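**Q** Data file target-v2.txt (compact mmCIF, C-alpha atoms) is appended below.
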```txt
# COMPACT_ATOMS: atom_id res chain seq x y z
CA MET A 422 6.20 76.78 6.29
CA LYS A 423 3.32 74.68 7.59
CA GLN A 424 -0.10 76.24 7.13
CA GLN A 425 -2.29 76.40 10.25
CA LEU A 426 -5.51 74.43 10.02
CA PRO A 427 -8.69 76.18 11.25
CA ASP A 428 -8.90 74.05 14.40
CA GLU A 429 -5.32 74.97 15.33
CA MET A 430 -5.92 78.70 15.22
CA ASP A 431 -6.22 80.98 18.19
CA VAL A 432 -9.36 83.05 18.58
CA ALA A 433 -9.78 86.30 20.43
CA ILE A 434 -12.93 86.17 22.51
CA GLN A 435 -14.63 88.68 24.70
CA LEU A 436 -17.18 87.62 27.30
CA THR A 437 -18.63 88.65 30.61
CA LEU A 438 -17.46 86.38 33.41
CA ASN A 439 -18.97 86.78 36.86
CA GLY A 440 -19.95 90.34 35.98
CA GLN A 441 -16.53 91.36 34.61
CA LEU A 442 -15.56 91.87 30.97
CA VAL A 443 -12.84 89.37 30.01
CA GLU A 444 -10.80 89.28 26.81
CA LEU A 445 -8.79 86.18 25.96
CA THR A 446 -6.89 84.73 23.05
CA VAL A 447 -7.07 80.95 23.17
CA PRO A 448 -7.08 78.02 20.77
CA ALA A 449 -10.54 77.77 19.19
CA GLU A 450 -10.90 74.16 20.30
CA ARG A 451 -9.97 74.85 23.93
CA ARG A 452 -12.71 73.79 26.33
CA VAL A 453 -14.32 76.39 28.56
CA VAL A 454 -13.70 74.24 31.66
CA ASP A 455 -9.96 74.32 30.91
CA ILE A 456 -9.99 78.08 30.35
CA LEU A 457 -11.79 78.62 33.66
CA ARG A 458 -9.62 76.27 35.71
CA ASP A 459 -6.20 76.58 34.09
CA ASP A 460 -6.10 80.05 32.55
CA LEU A 461 -8.34 82.00 34.92
CA GLU A 462 -7.74 79.91 38.08
CA LEU A 463 -11.46 79.58 38.85
CA THR A 464 -11.26 76.06 40.24
CA GLY A 465 -14.76 75.91 41.71
CA THR A 466 -15.88 74.54 38.36
CA LYS A 467 -14.89 70.89 38.73
CA LEU A 468 -13.77 68.42 36.09
CA SER A 469 -14.88 64.83 36.41
CA CYS A 470 -16.46 62.77 33.64
CA GLU A 471 -15.42 65.11 30.79
CA ILE A 472 -18.41 63.97 28.68
CA GLY A 473 -21.24 66.10 30.08
CA ARG A 474 -22.84 63.41 32.24
CA CYS A 475 -21.97 64.34 35.83
CA GLY A 476 -22.61 68.11 36.08
CA ALA A 477 -19.49 68.84 38.14
CA CYS A 478 -18.45 71.45 35.55
CA MET A 479 -21.83 73.19 35.39
CA ILE A 480 -21.78 76.95 34.76
CA LEU A 481 -24.47 79.44 33.77
CA VAL A 482 -24.27 80.68 30.20
CA ASP A 483 -26.66 83.57 29.68
CA GLY A 484 -28.50 82.31 32.76
CA LYS A 485 -28.85 78.70 31.61
CA PRO A 486 -26.96 75.79 33.18
CA MET A 487 -24.47 74.22 30.75
CA ASN A 488 -21.62 71.75 31.04
CA ALA A 489 -18.34 73.64 30.62
CA CYS A 490 -16.58 70.44 29.52
CA LEU A 491 -18.73 70.39 26.37
CA LEU A 492 -18.32 74.06 25.45
CA MET A 493 -15.52 75.32 23.25
CA ALA A 494 -13.98 78.78 23.55
CA TYR A 495 -15.56 80.12 20.37
CA GLN A 496 -19.04 79.13 21.64
CA VAL A 497 -18.94 81.56 24.57
CA ALA A 498 -17.72 84.64 22.72
CA GLY A 499 -19.99 87.57 23.55
CA ARG A 500 -21.90 85.63 26.19
CA GLU A 501 -22.36 86.00 29.93
CA LEU A 502 -20.86 83.25 32.09
CA THR A 503 -21.37 82.73 35.80
CA THR A 504 -19.34 80.27 37.84
CA ILE A 505 -19.76 79.26 41.46
CA GLU A 506 -17.25 81.99 42.34
CA GLY A 507 -19.54 84.61 40.82
CA LEU A 508 -22.62 83.88 42.93
CA ALA A 509 -21.61 85.49 46.22
CA VAL A 510 -21.91 89.28 46.36
CA ASP A 511 -19.96 91.43 48.82
CA ASN A 512 -18.89 88.32 50.76
CA GLN A 513 -22.56 87.36 51.14
CA LEU A 514 -23.38 83.85 49.94
CA HIS A 515 -26.07 83.47 47.31
CA PRO A 516 -29.30 82.17 48.96
CA VAL A 517 -28.86 78.81 47.21
CA GLN A 518 -25.29 78.51 48.51
CA GLN A 519 -26.53 79.38 52.00
CA ALA A 520 -29.32 76.79 51.77
CA PHE A 521 -26.81 74.10 50.77
CA LEU A 522 -24.66 75.06 53.74
CA ASP A 523 -27.58 75.21 56.19
CA GLU A 524 -29.20 71.95 55.06
CA GLY A 525 -26.09 69.81 54.62
CA GLY A 526 -26.57 69.63 50.85
CA PHE A 527 -23.03 68.41 50.32
CA GLN A 528 -20.73 65.68 51.53
CA CYS A 529 -17.30 65.90 49.93
CA GLY A 530 -18.23 69.09 48.06
CA TYR A 531 -17.06 67.99 44.63
CA CYS A 532 -20.51 67.98 43.02
CA THR A 533 -21.81 70.89 45.10
CA PRO A 534 -20.80 73.74 42.75
CA GLY A 535 -22.63 72.10 39.85
CA MET A 536 -25.69 71.38 41.99
CA VAL A 537 -25.79 74.96 43.25
CA ILE A 538 -25.35 76.38 39.74
CA SER A 539 -28.14 74.14 38.40
CA MET A 540 -30.47 75.21 41.21
CA VAL A 541 -29.66 78.89 40.67
CA GLY A 542 -30.40 78.45 36.96
CA LEU A 543 -33.70 76.75 37.73
CA LEU A 544 -34.79 79.47 40.17
CA GLU A 545 -33.87 82.21 37.70
CA HIS A 546 -36.46 80.82 35.30
CA ASN A 547 -38.97 79.27 37.70
CA THR A 548 -39.31 80.88 41.13
CA THR A 549 -41.81 78.32 42.39
CA PRO A 550 -40.72 74.92 41.08
CA SER A 551 -42.45 71.75 42.21
CA LEU A 552 -40.45 68.85 43.63
CA ASP A 553 -40.65 67.16 40.22
CA GLU A 554 -39.26 70.30 38.56
CA ILE A 555 -36.44 70.50 41.11
CA GLU A 556 -35.55 66.85 40.52
CA GLU A 557 -35.60 67.46 36.77
CA GLY A 558 -33.49 70.61 37.16
CA LEU A 559 -30.88 68.70 39.14
CA SER A 560 -31.02 65.55 37.01
CA GLY A 561 -27.86 66.44 35.09
CA ASN A 562 -25.81 66.40 38.30
CA LEU A 563 -24.45 63.27 39.95
CA CYS A 564 -23.46 62.97 43.58
CA ARG A 565 -21.44 59.96 44.56
CA CYS A 566 -21.46 60.55 48.33
CA THR A 567 -25.02 61.21 49.50
CA GLY A 568 -28.47 59.80 49.02
CA TYR A 569 -29.62 63.19 47.71
CA GLY A 570 -31.66 63.87 50.87
CA GLY A 571 -29.57 66.86 51.92
CA ILE A 572 -29.44 68.14 48.36
CA LEU A 573 -33.23 68.07 48.00
CA ARG A 574 -33.66 69.66 51.46
CA ALA A 575 -31.28 72.42 50.37
CA ALA A 576 -33.19 72.92 47.12
CA GLU A 577 -36.48 73.11 49.04
CA ALA A 578 -34.97 75.58 51.49
CA ALA A 579 -33.72 77.73 48.62
CA VAL A 580 -37.24 77.86 47.18
CA ARG A 581 -38.73 78.60 50.61
CA ASN A 582 -36.16 81.35 51.24
CA LYS A 583 -36.87 82.92 47.85
CA THR A 584 -40.66 82.70 47.95
CA GLY A 585 -41.61 82.21 51.59
CA CYS A 586 -43.67 79.22 50.48
CA PRO A 587 -43.03 75.48 50.66
CA ILE A 588 -42.68 73.63 47.38
CA ALA A 589 -45.52 71.62 45.87
CA LYS A 590 -45.13 67.94 46.77
CA LYS A 591 -45.81 65.04 44.43
```
Please lay out the structure from this file as structure tokens.

**A**
Amino acid sequence: MKQQLPDEMDVAIQLTLNGQLVELTVPAERRVVDILRDDLELTGTKLSCEIGRCGACMILVDGKPMNACLLMAYQVAGRELTTIEGLAVDNQLHPVQQAFLDEGGFQCGYCTPGMVISMVGLLEHNTTPSLDEIEEGLSGNLCRCTGYGGILRAAEAAVRNKTGCPIAKK
């Protein structure tokens, strides 16, 4: 009988996903992006570069934006994860989602979930970011369709909607 190597073993993990307790048994080396998309059918988290450079797979882990393509199952045990599907409450879009919709902060929509998640993460930790801080907060996200104008307008609108104040310009 072949002995299982540690990286071939399944792990039982428990985590909070979009406010709900989830228990899974998955291979320890399984990526979180694959668990979300394939096992849990939460396809708002996109898969693109698979090396943590584009931000399409961005999720919040304990409130911080992280690339789900770089996280393994065992790394999220006991943690709180939020995907794009978990932002809306009672069919009401999150203010950042609404700002992206209102300001045309998307083109094809593929990068939009990661951009929104990154902006939500930024605003959770800094309610009044400057334009430089917004650009830094979104710097891990690539958009291949727009010139970022709509994205930055949406980010500014999200700050304005949250604080009632315009952002500090350069």

**Q** Between A:Leu442, A:Leu543, A:Leu468, A:Leu508, single out the one closest to Glu556 (chain A), counting only C-alpha atoms.

**A**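 Of the candidates, the smallest distance to Glu556 (chain A) is held by A:Leu543.
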
**Q** Got a sec: who's within 12 Å of Thr504 (chain A), counting only C-alpha atoms, leaving out chain neighbours fewer than 6 positions off, as number ranges by chain?

**A** A: 437-441, 453-454, 457-458, 461-467, 477-489, 534-539, 541-542

**Q** Produce a file of the selected residues containing C-alpha atoms, as a short mmCIF file (atom, residue, chain, number, x, y, z; two decimals), in the coordinates of the input.

**A**
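Output file selection30.cif follows:
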```cif
data_model
loop_
_atom_site.label_atom_id
_atom_site.label_comp_id
_atom_site.auth_asym_id
_atom_site.auth_seq_id
_atom_site.Cartn_x
_atom_site.Cartn_y
_atom_site.Cartn_z
CA THR A 437 -18.63 88.65 30.61
CA LEU A 438 -17.46 86.38 33.41
CA ASN A 439 -18.97 86.78 36.86
CA GLY A 440 -19.95 90.34 35.98
CA GLN A 441 -16.53 91.36 34.61
CA VAL A 453 -14.32 76.39 28.56
CA VAL A 454 -13.70 74.24 31.66
CA LEU A 457 -11.79 78.62 33.66
CA ARG A 458 -9.62 76.27 35.71
CA LEU A 461 -8.34 82.00 34.92
CA GLU A 462 -7.74 79.91 38.08
CA LEU A 463 -11.46 79.58 38.85
CA THR A 464 -11.26 76.06 40.24
CA GLY A 465 -14.76 75.91 41.71
CA THR A 466 -15.88 74.54 38.36
CA LYS A 467 -14.89 70.89 38.73
CA ALA A 477 -19.49 68.84 38.14
CA CYS A 478 -18.45 71.45 35.55
CA MET A 479 -21.83 73.19 35.39
CA ILE A 480 -21.78 76.95 34.76
CA LEU A 481 -24.47 79.44 33.77
CA VAL A 482 -24.27 80.68 30.20
CA ASP A 483 -26.66 83.57 29.68
CA GLY A 484 -28.50 82.31 32.76
CA LYS A 485 -28.85 78.70 31.61
CA PRO A 486 -26.96 75.79 33.18
CA MET A 487 -24.47 74.22 30.75
CA ASN A 488 -21.62 71.75 31.04
CA ALA A 489 -18.34 73.64 30.62
CA PRO A 534 -20.80 73.74 42.75
CA GLY A 535 -22.63 72.10 39.85
CA MET A 536 -25.69 71.38 41.99
CA VAL A 537 -25.79 74.96 43.25
CA ILE A 538 -25.35 76.38 39.74
CA SER A 539 -28.14 74.14 38.40
CA VAL A 541 -29.66 78.89 40.67
CA GLY A 542 -30.40 78.45 36.96
#
```

**Q** Compare A:Gly530, A:Glu524, A:Leu559, A:Glu554 by their minimum atom-to-atom distance to Arg574 (chain A), counting all atoms listed in the file, and give me the closest one.

**A**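 Of all the options, A:Glu524 lies closest to Arg574 (chain A).
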
**Q** Report, in Å to a single decimal, how far apart CA of Gly561 (chain A) and CA of Gly476 (chain A) are.

**A**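 That distance, rounded to one decimal, is 5.6 Å.
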
**Q** May I ask for the distance between CA of Thr567 (chain A) and CA of Cys490 (chain A), given in Å to one decimal place?

**A** 23.6 Å

**Q** For Cys564 (chain A), work out the shell of residues within 9 Å, counting only C-alpha atoms and skipping chain neighbours fewer than 6 positions away, then give it as a ChimeraX atom specification.

**A** /A:475,477,527-528,531-533,536

**Q** Mind giving me the straight-line distance from CA of Ala579 (chain A) to CA of Val510 (chain A) in Å, one decimal?

**A**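 Straight-line distance from CA of Ala579 (chain A) to CA of Val510 (chain A) works out to 16.7 Å.
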
**Q** Smallest atom-to-atom distance to Thr446 (chain A): which of A:Ile472, A:Ala509, A:Ala498, A:Val580, using all atoms listed in the file?

**A**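 Between A:Ile472, A:Ala509, A:Ala498, A:Val580, the residue approaching Thr446 (chain A) most closely is A:Ala498.
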
**Q** Excluding Gln435 (chain A) and residues on its chain fewer than 2 positions from it, collect all residues at most 7 Å away from it, counting all atoms listed in the file, and give them as a list in words.

**A**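 Here the qualifying residues turn out to be Ala433, Val443, Glu444, Leu445, Ala498 and Gly499 of chain A.
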
**Q** The selected residues should be written to file as a CSV table (one decimal), in the coordinates of the input (atoms: C-alpha atoms).

**A**
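selection-v1.csv, written as the output of this step:
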```
chain,number,residue,atom,x,y,z
A,433,ALA,CA,-9.8,86.3,20.4
A,443,VAL,CA,-12.8,89.4,30.0
A,444,GLU,CA,-10.8,89.3,26.8
A,445,LEU,CA,-8.8,86.2,26.0
A,498,ALA,CA,-17.7,84.6,22.7
A,499,GLY,CA,-20.0,87.6,23.6
```

**Q** Taking (-3.5, 81.7, 23.6) as a centre in this file's frame and 10 Å as the limit, can you find every polymer residue with an atom that close, using only C-alpha atoms, and give them as a VMD selection string?

**A** chain A and resid 430 to 433 445 to 449 451 460

**Q** How big is the axis-aligned box, and where does its centre sit, when it encloses all atoms of region 440-446 of chain A listed in the file and has 5 Å added on every side, reported in Å to one decimal as AutoDock Vina command-line options?

**A**
```
--center_x -13.4 --center_y 88.3 --center_z 29.5 --size_x 23.1 --size_y 17.1 --size_z 22.9
```

**Q** Starting from the incomplete input, reconstruct all heavy atoms of region 530-541 of chain A and report them as a PDB file, in the coordinates of the input.

**A**
```pdb
ATOM      1  N   GLY A 530     -18.239  67.770  48.677  1.00  0.00           N
ATOM      2  CA  GLY A 530     -18.230  69.090  48.060  1.00  0.00           C
ATOM      3  C   GLY A 530     -17.875  69.118  46.596  1.00  0.00           C
ATOM      4  O   GLY A 530     -17.953  70.171  45.967  1.00  0.00           O
ATOM      5  N   TYR A 531     -17.498  67.987  46.023  1.00  0.00           N
ATOM      6  CA  TYR A 531     -17.060  67.990  44.630  1.00  0.00           C
ATOM      7  C   TYR A 531     -18.197  68.298  43.671  1.00  0.00           C
ATOM      8  O   TYR A 531     -18.032  69.073  42.740  1.00  0.00           O
ATOM      9  CB  TYR A 531     -16.401  66.650  44.278  1.00  0.00           C
ATOM     10  CG  TYR A 531     -15.484  66.766  43.097  1.00  0.00           C
ATOM     11  CD1 TYR A 531     -14.188  67.244  43.261  1.00  0.00           C
ATOM     12  CD2 TYR A 531     -15.902  66.442  41.814  1.00  0.00           C
ATOM     13  CE1 TYR A 531     -13.327  67.386  42.189  1.00  0.00           C
ATOM     14  CE2 TYR A 531     -15.048  66.570  40.737  1.00  0.00           C
ATOM     15  CZ  TYR A 531     -13.769  67.040  40.920  1.00  0.00           C
ATOM     16  OH  TYR A 531     -12.928  67.185  39.855  1.00  0.00           O
ATOM     17  N   CYS A 532     -19.371  67.739  43.907  1.00  0.00           N
ATOM     18  CA  CYS A 532     -20.510  67.980  43.020  1.00  0.00           C
ATOM     19  C   CYS A 532     -21.274  69.243  43.389  1.00  0.00           C
ATOM     20  O   CYS A 532     -22.086  69.740  42.607  1.00  0.00           O
ATOM     21  CB  CYS A 532     -21.464  66.786  43.042  1.00  0.00           C
ATOM     22  SG  CYS A 532     -22.371  66.605  44.608  1.00  0.00           S
ATOM     23  N   THR A 533     -21.014  69.775  44.579  1.00  0.00           N
ATOM     24  CA  THR A 533     -21.810  70.890  45.100  1.00  0.00           C
ATOM     25  C   THR A 533     -21.840  72.111  44.188  1.00  0.00           C
ATOM     26  O   THR A 533     -22.922  72.667  43.955  1.00  0.00           O
ATOM     27  CB  THR A 533     -21.328  71.272  46.518  1.00  0.00           C
ATOM     28  OG1 THR A 533     -21.339  70.103  47.335  1.00  0.00           O
ATOM     29  CG2 THR A 533     -22.217  72.336  47.123  1.00  0.00           C
ATOM     30  N   PRO A 534     -20.705  72.570  43.633  1.00  0.00           N
ATOM     31  CA  PRO A 534     -20.800  73.740  42.750  1.00  0.00           C
ATOM     32  C   PRO A 534     -21.766  73.534  41.579  1.00  0.00           C
ATOM     33  O   PRO A 534     -22.564  74.428  41.277  1.00  0.00           O
ATOM     34  CB  PRO A 534     -19.361  73.929  42.264  1.00  0.00           C
ATOM     35  CG  PRO A 534     -18.524  73.350  43.349  1.00  0.00           C
ATOM     36  CD  PRO A 534     -19.309  72.160  43.838  1.00  0.00           C
ATOM     37  N   GLY A 535     -21.720  72.371  40.963  1.00  0.00           N
ATOM     38  CA  GLY A 535     -22.630  72.100  39.850  1.00  0.00           C
ATOM     39  C   GLY A 535     -24.076  72.036  40.283  1.00  0.00           C
ATOM     40  O   GLY A 535     -24.974  72.516  39.589  1.00  0.00           O
ATOM     41  N   MET A 536     -24.320  71.441  41.453  1.00  0.00           N
ATOM     42  CA  MET A 536     -25.690  71.380  41.990  1.00  0.00           C
ATOM     43  C   MET A 536     -26.210  72.780  42.276  1.00  0.00           C
ATOM     44  O   MET A 536     -27.343  73.111  41.926  1.00  0.00           O
ATOM     45  CB  MET A 536     -25.717  70.559  43.293  1.00  0.00           C
ATOM     46  CG  MET A 536     -25.355  69.120  43.154  1.00  0.00           C
ATOM     47  SD  MET A 536     -26.774  68.145  42.671  1.00  0.00           S
ATOM     48  CE  MET A 536     -26.059  66.511  42.812  1.00  0.00           C
ATOM     49  N   VAL A 537     -25.386  73.596  42.914  1.00  0.00           N
ATOM     50  CA  VAL A 537     -25.790  74.960  43.250  1.00  0.00           C
ATOM     51  C   VAL A 537     -26.069  75.749  41.974  1.00  0.00           C
ATOM     52  O   VAL A 537     -27.103  76.429  41.866  1.00  0.00           O
ATOM     53  CB  VAL A 537     -24.711  75.651  44.121  1.00  0.00           C
ATOM     54  CG1 VAL A 537     -24.975  77.153  44.249  1.00  0.00           C
ATOM     55  CG2 VAL A 537     -24.641  75.005  45.497  1.00  0.00           C
ATOM     56  N   ILE A 538     -25.160  75.660  41.009  1.00  0.00           N
ATOM     57  CA  ILE A 538     -25.350  76.380  39.740  1.00  0.00           C
ATOM     58  C   ILE A 538     -26.640  75.931  39.058  1.00  0.00           C
ATOM     59  O   ILE A 538     -27.418  76.766  38.566  1.00  0.00           O
ATOM     60  CB  ILE A 538     -24.136  76.173  38.811  1.00  0.00           C
ATOM     61  CG1 ILE A 538     -22.930  76.961  39.323  1.00  0.00           C
ATOM     62  CG2 ILE A 538     -24.459  76.525  37.361  1.00  0.00           C
ATOM     63  CD1 ILE A 538     -22.995  78.469  39.133  1.00  0.00           C
ATOM     64  N   SER A 539     -26.906  74.636  39.034  1.00  0.00           N
ATOM     65  CA  SER A 539     -28.140  74.140  38.400  1.00  0.00           C
ATOM     66  C   SER A 539     -29.379  74.671  39.117  1.00  0.00           C
ATOM     67  O   SER A 539     -30.356  75.060  38.469  1.00  0.00           O
ATOM     68  CB  SER A 539     -28.157  72.609  38.401  1.00  0.00           C
ATOM     69  OG  SER A 539     -27.185  72.121  37.530  1.00  0.00           O
ATOM     70  N   MET A 540     -29.329  74.705  40.446  1.00  0.00           N
ATOM     71  CA  MET A 540     -30.470  75.210  41.210  1.00  0.00           C
ATOM     72  C   MET A 540     -30.660  76.704  40.997  1.00  0.00           C
ATOM     73  O   MET A 540     -31.791  77.178  40.865  1.00  0.00           O
ATOM     74  CB  MET A 540     -30.267  74.879  42.696  1.00  0.00           C
ATOM     75  CG  MET A 540     -31.498  75.044  43.531  1.00  0.00           C
ATOM     76  SD  MET A 540     -32.801  73.903  43.021  1.00  0.00           S
ATOM     77  CE  MET A 540     -34.221  74.792  43.647  1.00  0.00           C
ATOM     78  N   VAL A 541     -29.566  77.450  40.948  1.00  0.00           N
ATOM     79  CA  VAL A 541     -29.660  78.890  40.670  1.00  0.00           C
ATOM     80  C   VAL A 541     -30.286  79.105  39.297  1.00  0.00           C
ATOM     81  O   VAL A 541     -31.185  79.933  39.133  1.00  0.00           O
ATOM     82  CB  VAL A 541     -28.282  79.574  40.767  1.00  0.00           C
ATOM     83  CG1 VAL A 541     -28.325  80.995  40.198  1.00  0.00           C
ATOM     84  CG2 VAL A 541     -27.793  79.597  42.215  1.00  0.00           C
TER      85      VAL A 541
END
```
